[in-house]
$ cat start17.pdb   # PDB, C-alpha atoms and all ligand atoms
MODEL        1
ATOM      1  CA  MET A   1     104.426 108.873  88.573
ATOM      2  CA  SER A   2     105.716 106.385  91.049
ATOM      3  CA  VAL A   3     104.456 106.618  94.603
ATOM      4  CA  GLU A   4     107.208 105.561  96.922
ATOM      5  CA  THR A   5     106.740 107.101 100.316
ATOM      6  CA  GLY A   6     109.670 105.457 102.048
ATOM      7  CA  ALA A   7     108.909 105.266 105.741
ATOM      8  CA  HIS A   8     105.183 105.346 105.075
ATOM      9  CA  GLU A   9     105.216 102.306 102.828
ATOM     10  CA  PRO A  10     104.202  99.680 105.428
ATOM     11  CA  ALA A  11     101.340 101.909 106.534
ATOM     12  CA  ARG A  12     100.340 102.344 102.922
ATOM     13  CA  ASP A  13     100.260  98.585 102.415
ATOM     14  CA  ALA A  14      98.209  98.017 105.545
ATOM     15  CA  CYS A  15      95.813 100.712 104.493
ATOM     16  CA  ARG A  16      95.508  99.324 100.999
ATOM     17  CA  ASP A  17      94.844  95.795 102.195
ATOM     18  CA  ALA A  18      92.206  96.881 104.643
ATOM     19  CA  VAL A  19      90.424  99.033 102.115
ATOM     20  CA  SER A  20      90.515  96.752  99.138
ATOM     21  CA  GLY A  21      89.754  93.685 101.197
ATOM     22  CA  VAL A  22      86.289  95.193 101.398
ATOM     23  CA  TRP A  23      85.955  96.887  98.035
ATOM     24  CA  PRO A  24      86.466  95.653  94.500
ATOM     25  CA  ILE A  25      89.488  96.794  92.588
ATOM     26  CA  HIS A  26      87.955  99.668  90.659
ATOM     27  CA  VAL A  27      87.007 101.254  93.957
ATOM     28  CA  ARG A  28      90.397 100.503  95.454
ATOM     29  CA  LEU A  29      92.163 102.519  92.799
ATOM     30  CA  SER A  30      89.834 105.442  93.243
ATOM     31  CA  ALA A  31      90.064 105.173  96.995
ATOM     32  CA  HIS A  32      93.767 105.742  96.817
ATOM     33  CA  ARG A  33      93.061 108.924  94.991
ATOM     34  CA  MET A  34      90.460 109.855  97.605
ATOM     35  CA  ARG A  35      87.778 109.873  94.956
ATOM     36  CA  PRO A  36      85.434 106.880  95.202
ATOM     37  CA  SER A  37      83.769 106.240  91.876
ATOM     38  CA  ASN A  38      81.325 103.585  93.038
ATOM     39  CA  THR A  39      78.302 105.154  94.650
ATOM     40  CA  THR A  40      77.386 101.917  96.414
ATOM     41  CA  ALA A  41      80.696 101.908  98.305
ATOM     42  CA  PRO A  42      81.009 103.652 101.654
ATOM     43  CA  SER A  43      82.661 107.039 101.444
ATOM     44  CA  CYS A  44      86.394 106.759 101.292
ATOM     45  CA  ALA A  45      87.125 109.114 104.182
ATOM     46  CA  LYS A  46      84.568 107.363 106.372
ATOM     47  CA  HIS A  47      86.188 104.040 105.649
ATOM     48  CA  TYR A  48      89.658 105.285 106.384
ATOM     49  CA  TRP A  49      88.486 106.749 109.662
ATOM     50  CA  SER A  50      87.178 103.368 110.678
ATOM     51  CA  LEU A  51      90.672 101.966 110.194
ATOM     52  CA  GLY A  52      92.129 104.175 112.909
ATOM     53  CA  SER A  53      94.101 107.373 112.970
ATOM     54  CA  ASP A  54      97.361 105.868 111.721
ATOM     55  CA  HIS A  55      95.800 104.743 108.500
ATOM     56  CA  PHE A  56      93.894 107.942 108.098
ATOM     57  CA  LEU A  57      97.057 109.958 108.513
ATOM     58  CA  CYS A  58      98.808 107.713 106.062
ATOM     59  CA  CYS A  59      96.122 108.401 103.516
ATOM     60  CA  LYS A  60      96.248 112.104 104.150
ATOM     61  CA  LYS A  61      99.920 111.950 103.250
ATOM     62  CA  LEU A  62      99.122 109.876 100.209
ATOM     63  CA  GLN A  63      96.488 112.396  99.233
ATOM     64  CA  LYS A  64      99.252 114.938  98.870
ATOM     65  CA  THR A  65     101.635 112.496  97.217
ATOM     66  CA  ILE A  66      99.349 110.883  94.673
ATOM     67  CA  ALA A  67      97.952 113.110  91.966
ATOM     68  CA  ALA A  68      94.182 113.459  91.999
ATOM     69  CA  ASP A  69      94.099 112.404  88.371
ATOM     70  CA  ALA A  70      95.446 109.655  86.169
ATOM     71  CA  MET A  71      99.022 108.529  85.717
ATOM     72  CA  PRO A  72     100.625 110.912  83.228
ATOM     73  CA  GLY A  73     101.831 109.667  79.860
ATOM     74  CA  VAL A  74     101.064 106.639  77.725
ATOM     75  CA  TYR A  75     102.331 103.078  78.013
ATOM     76  CA  THR A  76     103.038 101.087  74.840
ATOM     77  CA  VAL A  77     103.105  97.304  74.744
ATOM     78  CA  TYR A  78     105.314  95.972  71.956
ATOM     79  CA  TYR A  79     104.498  92.453  70.794
ATOM     80  CA  HIS A  80     103.978  90.214  67.766
ATOM     81  CA  GLU A  81     100.745  90.886  65.877
ATOM     82  CA  GLY A  82      97.570  88.767  65.883
ATOM     83  CA  PHE A  83      97.801  87.221  69.361
ATOM     84  CA  THR A  84      98.738  88.427  72.838
ATOM     85  CA  GLY A  85     101.054  85.679  74.142
ATOM     86  CA  ARG A  86     103.341  86.790  76.935
ATOM     87  CA  ALA A  87     102.116  90.376  76.482
ATOM     88  CA  GLN A  88      98.656  89.412  77.736
ATOM     89  CA  PRO A  89      99.243  89.911  81.489
ATOM     90  CA  LEU A  90     100.791  93.324  80.805
ATOM     91  CA  GLU A  91      97.857  94.315  78.623
ATOM     92  CA  MET A  92      95.405  93.054  81.227
ATOM     93  CA  MET A  93      96.947  95.208  83.952
ATOM     94  CA  LEU A  94      96.873  98.235  81.695
ATOM     95  CA  ALA A  95      93.296  97.504  80.592
ATOM     96  CA  ALA A  96      92.167  97.177  84.218
ATOM     97  CA  SER A  97      93.800 100.510  85.014
ATOM     98  CA  LYS A  98      92.385 102.173  81.939
ATOM     99  CA  ALA A  99      88.910 101.016  82.964
ATOM    100  CA  THR A 100      89.240 103.303  85.993
ATOM    101  CA  ASN A 101      90.726 106.118  83.898
ATOM    102  CA  PHE A 102      93.972 105.587  85.734
ATOM    103  CA  CYS A 103      96.234 105.208  82.684
ATOM    104  CA  GLU A 104      96.416 105.284  78.912
ATOM    105  CA  TRP A 105      98.052 102.583  76.833
ATOM    106  CA  LYS A 106      98.353 101.237  73.323
ATOM    107  CA  ARG A 107      99.831  98.325  71.380
ATOM    108  CA  ALA A 108     102.593  98.509  68.809
ATOM    109  CA  PRO A 109     104.221  95.833  66.636
ATOM    110  CA  TRP A 110     107.370  94.310  68.098
ATOM    111  CA  ASN A 111     109.362  95.176  64.972
ATOM    112  CA  THR A 112     108.770  98.887  65.548
ATOM    113  CA  LEU A 113     110.693  98.852  68.823
ATOM    114  CA  ASP A 114     114.258 100.002  68.434
ATOM    115  CA  ASP A 115     115.858  99.465  71.827
ATOM    116  CA  PRO A 116     119.224  97.743  72.242
ATOM    117  CA  THR A 117     118.334  96.505  75.753
ATOM    118  CA  CYS A 118     115.482  94.261  74.575
ATOM    119  CA  PHE A 119     116.067  90.775  73.144
ATOM    120  CA  ALA A 120     112.591  89.294  72.685
ATOM    121  CA  ALA A 121     108.945  90.332  72.922
ATOM    122  CA  PRO A 122     107.167  91.625  74.906
ATOM    123  CA  ALA A 123     108.442  94.988  76.086
ATOM    124  CA  VAL A 124     106.604  97.907  77.655
ATOM    125  CA  ALA A 125     107.593 101.538  77.192
ATOM    126  CA  HIS A 126     106.435 104.719  78.889
ATOM    127  CA  ASP A 127     106.602 107.866  76.783
ATOM    128  CA  GLN A 128     107.331 110.411  79.513
ATOM    129  CA  THR A 129     110.001 108.581  81.465
ATOM    130  CA  LYS A 130     111.398 106.863  78.329
ATOM    131  CA  LYS A 131     111.617 103.670  80.359
ATOM    132  CA  VAL A 132     111.538 100.457  78.287
ATOM    133  CA  ILE A 133     111.372  97.075  80.029
ATOM    134  CA  SER A 134     111.433  93.654  78.364
ATOM    135  CA  GLN A 135     111.312  90.207  80.021
ATOM    136  CA  THR A 136     107.672  89.543  80.925
ATOM    137  CA  THR A 137     108.269  89.039  84.639
ATOM    138  CA  ALA A 138     110.276  92.248  85.014
ATOM    139  CA  ALA A 139     107.795  94.253  82.958
ATOM    140  CA  ALA A 140     104.889  92.876  85.021
ATOM    141  CA  GLN A 141     106.646  93.750  88.256
ATOM    142  CA  TRP A 142     107.307  97.286  87.019
ATOM    143  CA  LEU A 143     103.716  97.812  85.850
ATOM    144  CA  GLY A 144     102.548  96.310  89.133
ATOM    145  CA  SER A 145     104.287  99.042  91.068
ATOM    146  CA  GLU A 146     103.201 101.800  88.683
ATOM    147  CA  LEU A 147      99.567 100.718  88.519
ATOM    148  CA  ARG A 148      99.209  99.663  92.186
ATOM    149  CA  PHE A 149      99.113  95.932  91.616
ATOM    150  CA  PHE A 150     102.022  95.501  93.965
ATOM    151  CA  PRO A 151     102.487  92.872  96.678
ATOM    152  CA  PRO A 152     102.608  93.770 100.372
ATOM    153  CA  THR A 153     106.072  94.985 101.335
ATOM    154  CA  GLY A 154     106.895  91.981 103.525
ATOM    155  CA  ILE A 155     106.313  89.340 100.831
ATOM    156  CA  ARG A 156     107.872  90.850  97.712
ATOM    157  CA  ALA A 157     110.415  88.029  97.394
ATOM    158  CA  GLU A 158     107.639  85.455  97.677
ATOM    159  CA  ALA A 159     105.762  87.306  94.934
ATOM    160  CA  ALA A 160     108.867  87.296  92.715
ATOM    161  CA  LYS A 161     109.371  83.582  93.403
ATOM    162  CA  LEU A 162     105.844  82.742  92.321
ATOM    163  CA  ALA A 163     106.162  85.009  89.272
ATOM    164  CA  MET A 164     109.298  83.116  88.253
ATOM    165  CA  ASP A 165     107.606  79.757  88.803
ATOM    166  CA  ILE A 166     104.887  80.957  86.438
ATOM    167  CA  ALA A 167     107.448  82.035  83.821
ATOM    168  CA  GLU A 168     109.134  78.636  83.921
ATOM    169  CA  VAL A 169     105.869  76.740  83.658
ATOM    170  CA  TRP A 170     104.826  78.946  80.719
ATOM    171  CA  SER A 171     108.030  78.093  78.837
ATOM    172  CA  GLU A 172     107.859  74.393  79.677
ATOM    173  CA  ALA A 173     104.225  74.055  78.629
ATOM    174  CA  TYR A 174     104.703  75.937  75.361
ATOM    175  CA  GLY A 175     107.849  73.959  74.574
ATOM    176  CA  LYS A 176     106.069  70.682  75.331
ATOM    177  CA  ARG A 177     103.192  71.482  72.953
ATOM    178  CA  ARG A 178     105.619  72.314  70.147
ATOM    179  CA  GLY A 179     107.965  69.411  70.806
ATOM    180  CA  ALA A 180     105.733  66.514  71.904
ATOM    181  CA  PRO A 181     105.430  63.578  69.479
ATOM    182  CA  SER A 182     101.839  62.759  70.553
ATOM    183  CA  TRP A 183      98.935  63.811  72.764
ATOM    184  CA  ALA A 184      99.809  60.858  75.001
ATOM    185  CA  ALA A 185     103.193  62.470  75.654
ATOM    186  CA  VAL A 186     101.433  65.752  76.469
ATOM    187  CA  GLU A 187      99.101  63.931  78.878
ATOM    188  CA  ASP A 188     102.106  62.361  80.621
ATOM    189  CA  PHE A 189     103.585  65.834  81.016
ATOM    190  CA  ILE A 190     100.311  67.172  82.445
ATOM    191  CA  SER A 191      99.874  64.361  84.961
ATOM    192  CA  GLY A 192     103.568  64.432  85.912
ATOM    193  CA  ARG A 193     105.642  67.576  85.830
ATOM    194  CA  LEU A 194     102.816  70.081  85.260
ATOM    195  CA  LEU A 195     100.732  68.679  88.105
ATOM    196  CA  LYS A 196     103.758  68.878  90.381
ATOM    197  CA  TRP A 197     104.361  72.507  89.370
ATOM    198  CA  PHE A 198     100.719  73.377  90.043
ATOM    199  CA  GLY A 199     100.979  71.737  93.469
ATOM    200  CA  VAL A 200     103.988  73.915  94.303
ATOM    201  CA  MET A 201     102.328  77.098  93.070
ATOM    202  CA  GLU A 202      99.083  76.218  94.862
ATOM    203  CA  ALA A 203     101.001  75.719  98.132
ATOM    204  CA  THR A 204     102.665  79.107  97.630
ATOM    205  CA  ALA A 205      99.330  80.791  97.032
ATOM    206  CA  GLN A 206      97.748  79.019 100.008
ATOM    207  CA  LYS A 207     100.601  80.237 102.205
ATOM    208  CA  HIS A 208     100.822  83.836 101.010
ATOM    209  CA  GLY A 209      97.457  84.701  99.455
ATOM    210  CA  LYS A 210      94.155  85.657 100.993
ATOM    211  CA  GLY A 211      90.686  85.262  99.488
ATOM    212  CA  SER A 212      90.879  84.922  95.732
ATOM    213  CA  TRP A 213      94.379  86.338  95.374
ATOM    214  CA  VAL A 214      97.679  84.511  95.332
ATOM    215  CA  ILE A 215      99.845  87.094  97.119
ATOM    216  CA  GLY A 216      98.292  89.236  99.835
ATOM    217  CA  SER A 217      94.637  90.189  99.914
ATOM    218  CA  VAL A 218      94.335  92.221  96.710
ATOM    219  CA  PRO A 219      95.211  91.516  93.078
ATOM    220  CA  THR A 220      98.890  91.875  92.261
ATOM    221  CA  TYR A 221     100.928  91.530  89.099
ATOM    222  CA  VAL A 222     101.370  87.860  90.014
ATOM    223  CA  ASP A 223      97.628  87.188  89.633
ATOM    224  CA  PHE A 224      97.820  88.647  86.109
ATOM    225  CA  LEU A 225     100.812  86.476  85.219
ATOM    226  CA  LEU A 226      98.974  83.435  86.548
ATOM    227  CA  CYS A 227      95.856  84.359  84.581
ATOM    228  CA  ASN A 228      97.944  84.433  81.407
ATOM    229  CA  LEU A 229      99.553  81.087  82.245
ATOM    230  CA  ILE A 230      96.151  79.431  82.683
ATOM    231  CA  GLU A 231      94.815  81.053  79.509
ATOM    232  CA  THR A 232      97.890  79.765  77.716
ATOM    233  CA  ILE A 233      97.703  76.158  78.876
ATOM    234  CA  LEU A 234      93.951  76.059  78.198
ATOM    235  CA  PHE A 235      94.735  77.130  74.638
ATOM    236  CA  LEU A 236      97.646  74.706  74.242
ATOM    237  CA  PHE A 237      96.069  71.588  75.732
ATOM    238  CA  GLY A 238      92.285  72.118  75.909
ATOM    239  CA  GLU A 239      90.096  72.275  79.005
ATOM    240  CA  ALA A 240      89.397  68.545  79.369
ATOM    241  CA  ARG A 241      93.087  67.648  79.683
ATOM    242  CA  LEU A 242      93.509  70.210  82.453
ATOM    243  CA  ALA A 243      90.793  68.827  84.765
ATOM    244  CA  PRO A 244      93.364  67.235  87.148
ATOM    245  CA  LEU A 245      95.129  70.590  87.546
ATOM    246  CA  LYS A 246      91.885  72.373  88.320
ATOM    247  CA  ALA A 247      91.063  69.830  91.000
ATOM    248  CA  ALA A 248      94.543  70.053  92.531
ATOM    249  CA  ALA A 249      94.870  73.837  92.525
ATOM    250  CA  PRO A 250      91.566  75.465  93.544
ATOM    251  CA  LYS A 251      93.164  78.678  94.749
ATOM    252  CA  LEU A 252      95.065  79.218  91.513
ATOM    253  CA  PHE A 253      91.883  78.729  89.512
ATOM    254  CA  ALA A 254      89.960  81.039  91.876
ATOM    255  CA  SER A 255      92.564  83.745  91.213
ATOM    256  CA  TYR A 256      92.206  83.096  87.476
ATOM    257  CA  ALA A 257      88.423  83.611  87.608
ATOM    258  CA  ALA A 258      88.695  86.657  89.874
ATOM    259  CA  THR A 259      91.322  88.281  87.641
ATOM    260  CA  LEU A 260      89.162  87.803  84.547
ATOM    261  CA  ALA A 261      86.310  89.483  86.457
ATOM    262  CA  ILE A 262      88.301  92.685  87.108
ATOM    263  CA  PRO A 263      86.660  95.417  84.994
ATOM    264  CA  GLY A 264      88.489  95.899  81.697
ATOM    265  CA  VAL A 265      90.318  92.578  81.729
ATOM    266  CA  SER A 266      87.914  90.382  79.806
ATOM    267  CA  GLU A 267      87.382  93.003  77.073
ATOM    268  CA  CYS A 268      91.123  93.149  76.611
ATOM    269  CA  LYS A 269      91.323  89.357  76.509
ATOM    270  CA  SER A 270      88.584  88.993  73.904
ATOM    271  CA  GLU A 271      90.299  91.238  71.327
ATOM    272  CA  PHE A 272      92.917  88.669  70.303
ATOM    273  CA  PRO A 273      93.552  84.958  70.967
ATOM    274  CA  VAL A 274      96.297  84.268  73.463
ATOM    275  CA  LEU A 275      98.303  82.249  70.916
ATOM    276  CA  TYR A 276      98.238  81.276  67.238
ATOM    277  CA  GLY A 277      96.034  78.404  66.070
ATOM    278  CA  LYS A 278      98.756  75.944  65.038
ATOM    279  CA  VAL A 279      99.947  75.588  68.619
ATOM    280  CA  GLY A 280      96.452  75.120  70.051
ATOM    281  CA  ALA A 281      94.617  72.022  71.211
ATOM    282  CA  GLU A 282      93.019  71.778  67.758
ATOM    283  CA  GLY A 283      96.299  72.180  65.891
ATOM    284  CA  ALA A 284      98.255  69.379  64.250
ATOM    285  CA  MET A 285      99.977  66.842  66.521
ATOM    286  CA  PRO A 286     102.953  66.688  66.265
ATOM    287  CA  PHE A 287     103.178  70.453  65.844
ATOM    288  CA  ALA A 288     103.938  71.383  62.278
TER     289      ALA A 288
HETATM  290  N1  LIG A 301     111.974  85.180  78.943
HETATM  291  C1  LIG A 301     111.376  86.013  77.932
HETATM  292  C2  LIG A 301     111.017  85.167  76.733
HETATM  293  C3  LIG A 301     110.659  86.028  75.568
HETATM  294  C4  LIG A 301     110.263  85.250  74.359
HETATM  295  O1  LIG A 301     110.666  84.094  74.137
HETATM  296  N2  LIG A 301     109.451  85.891  73.521
HETATM  297  C5  LIG A 301     108.997  85.288  72.294
HETATM  298  C6  LIG A 301     107.540  85.632  72.070
HETATM  299  S1  LIG A 301     106.516  85.138  73.409
HETATM  300  C7  LIG A 301     109.819  85.876  71.170
HETATM  301  O2  LIG A 301     109.666  87.018  70.799
HETATM  302  N3  LIG A 301     110.752  85.064  70.679
HETATM  303  C8  LIG A 301     111.619  85.444  69.599
HETATM  304  C9  LIG A 301     113.061  85.180  69.927
HETATM  305  O3  LIG A 301     113.376  84.621  70.989
HETATM  306  O4  LIG A 301     113.895  85.578  69.100
HETATM  307  C10 LIG A 301     110.153  86.745  78.507
HETATM  308  O5  LIG A 301     109.534  86.221  79.442
HETATM  309  O6  LIG A 301     109.776  87.818  78.035
ENDMDL
END
$ encode --input "start17.pdb" --output "structure tokens"
Amino acid sequence: MSVETGAHEPARDACRDAVSGVWPIHVRLSAHRMRPSNTTAPSCAKHYWSLGSDHFLCCKKLQKTIAADAMPGVYTVYYHEGFTGRAQPLEMMLAASKATNFCEWKRAPWNTLDDPTCFAAPAVAHDQTKKVISQTTAAAQWLGSELRFFPPTGIRAEAAKLAMDIAEVWSEAYGKRRGAPSWAAVEDFISGRLLKWFGVMEATAQKHGKGSWVIGSVPTYVDFLLCNLIETILFLFGEARLAPLKAAAPKLFASYAATLAIPGVSECKSEFPVLYGKVGAEGAMPFA
């Protein structure tokens, strides 16, 4: 069920930011359902009261709008078998939501998806609405709005911009690992174009993110996409080669660490490698 409250949306965003700026994500999700699950957190109603009557009223409306229980239905992530690749950020969002009993999801092999609108993996489907979305960035944005990893209303375009930066860097980095004639050529790429990209993304996150997050003050789908990008380049190039990026982009790497610390995410990550061995830092160079 999608929660779009129209005129109440800005109030919802303000309320969400204020609440989850204080609490970790698993409490944030429960808080929106008016059912705090973490006994160490202040009571939800008490916290909303402290935000002022506008926010409290907003949440009262949300209380009626949002079901007290989990999202209905099951999401399926279709992807190639044996590694998570571009499906990883989608799986991480679903795993984080499942950890709070907010949704159910499963994996299925890419070749079992029969949908004429999808060209390449991954795609996500929802059984009740019959919605099927491919293209990683679009699928992440959709899951972000379904699972409450959405950006604040006023900076949605900035979120989409950063998400598209991430998608381009992902493709460039993967292509470079497969096409480079030598590790020296890879190192030139890292210290040149990749470093420049990370500078641009870092500046975006510095401008639009707060705390550990790259857009707004709570985790959004963009943090999950970024987490997957960093996992991917670590796999492709190895940690030592990425030291200059880490030094140049502290906020991006803080988001990476914070996203991995969201309950459910690291268990999901540990089930499969992000890519296949041949394309890794230990694989043959040139790629064969
Ligand atoms: N822009 C697409 C790229 C999709 C893509 O290249 N997927 C790869 C796996 S990560 C694939 O299935 N390629 C097979 C093909 O292109 O035929 C996205 O972000 O989802």
$ residues_near_ligand --input "start17.pdb" --ligand "ligand LIG 301 (chain A)" --cutoff "12 Å" --atoms "all atoms listed in the file" --output "count of residues only"
50
$ atom_distance --input "start17.pdb" --atom1 "atom CA of A:Phe149" --atom2 "atom CA of A:Val77"
17.4 Å
$ residues_around --input "start17.pdb" --residues "A:Phe198" --least-positions-apart "5" --cutoff "8 Å" --atoms "only C-alpha atoms" --output "list in words"
Leu245, Ala248 and Ala249 of chain A
$ atom_distance --input "start17.pdb" --atom1 "atom CA of A:Phe189" --atom2 "atom CA of A:Lys176"
7.9 Å
$ atom_distance --input "start17.pdb" --atom1 "atom CA of A:Met285" --atom2 "atom CA of A:Gly82"
22.1 Å
$ closest_residue --input "start17.pdb" --among "A:Ala160, A:Val200, A:Leu252, A:Ala99" --to "A:Gly264" --atoms "only C-alpha atoms"
A:Ala99
$ residues_around --input "start17.pdb" --residues "stretch 209-211 of chain A" --least-positions-apart "3" --cutoff "9 Å" --atoms "all atoms listed in the file" --output "ChimeraX atom specification"
/A:21,204-206,214-218,251,254-255
$ write_last_selection --input "start17.pdb" --atoms "C-alpha atoms" --output "PDB file, in the frame of the given file"
ATOM      1  CA  GLY A  21      89.754  93.685 101.197  1.00  0.00           C
ATOM      2  CA  THR A 204     102.665  79.107  97.630  1.00  0.00           C
ATOM      3  CA  ALA A 205      99.330  80.791  97.032  1.00  0.00           C
ATOM      4  CA  GLN A 206      97.748  79.019 100.008  1.00  0.00           C
ATOM      5  CA  VAL A 214      97.679  84.511  95.332  1.00  0.00           C
ATOM      6  CA  ILE A 215      99.845  87.094  97.119  1.00  0.00           C
ATOM      7  CA  GLY A 216      98.292  89.236  99.835  1.00  0.00           C
ATOM      8  CA  SER A 217      94.637  90.189  99.914  1.00  0.00           C
ATOM      9  CA  VAL A 218      94.335  92.221  96.710  1.00  0.00           C
ATOM     10  CA  LYS A 251      93.164  78.678  94.749  1.00  0.00           C
ATOM     11  CA  ALA A 254      89.960  81.039  91.876  1.00  0.00           C
ATOM     12  CA  SER A 255      92.564  83.745  91.213  1.00  0.00           C
TER      13      SER A 255
END
$ closest_residue --input "start17.pdb" --among "A:Phe150, A:Cys103, A:Ser182, A:Gly280" --to "A:Ile233" --atoms "all atoms listed in the file"
A:Gly280
$ residues_near_point --input "start17.pdb" --point "(103.4, 67.9, 80.5)" --cutoff "10 Å" --atoms "only C-alpha atoms" --output "MDAnalysis selection string"
chainID A and resid 169 172:177 180 183:196 237
$ axis_aligned_box --input "start17.pdb" --around "stretch 232-237 of chain A" --padding-each-side "6 Å" --output "JSON"
{"center_x": 95.9, "center_y": 75.7, "center_z": 76.6, "size_x": 15.9, "size_y": 20.2, "size_z": 16.6}
$ closest_residue --input "start17.pdb" --among "A:Lys246, A:Arg156, A:Lys106, A:Lys131" --to "A:His208" --atoms "only C-alpha atoms"
A:Arg156
$ residues_around --input "start17.pdb" --residues "stretch 93-96 of chain A" --least-positions-apart "6" --cutoff "7 Å" --atoms "only C-alpha atoms" --output "MDAnalysis selection string"
chainID A and resid 105 224 262:265 268
$ closest_residue --input "start17.pdb" --among "A:Leu242, A:Asp223, A:Pro250, A:Arg178" --to "A:Gly283" --atoms "all atoms listed in the file"
A:Arg178
$ closest_residue --input "start17.pdb" --among "A:Tyr75, A:Phe102, A:Trp142, A:Phe287" --to "A:Leu236" --atoms "all atoms listed in the file"
A:Phe287
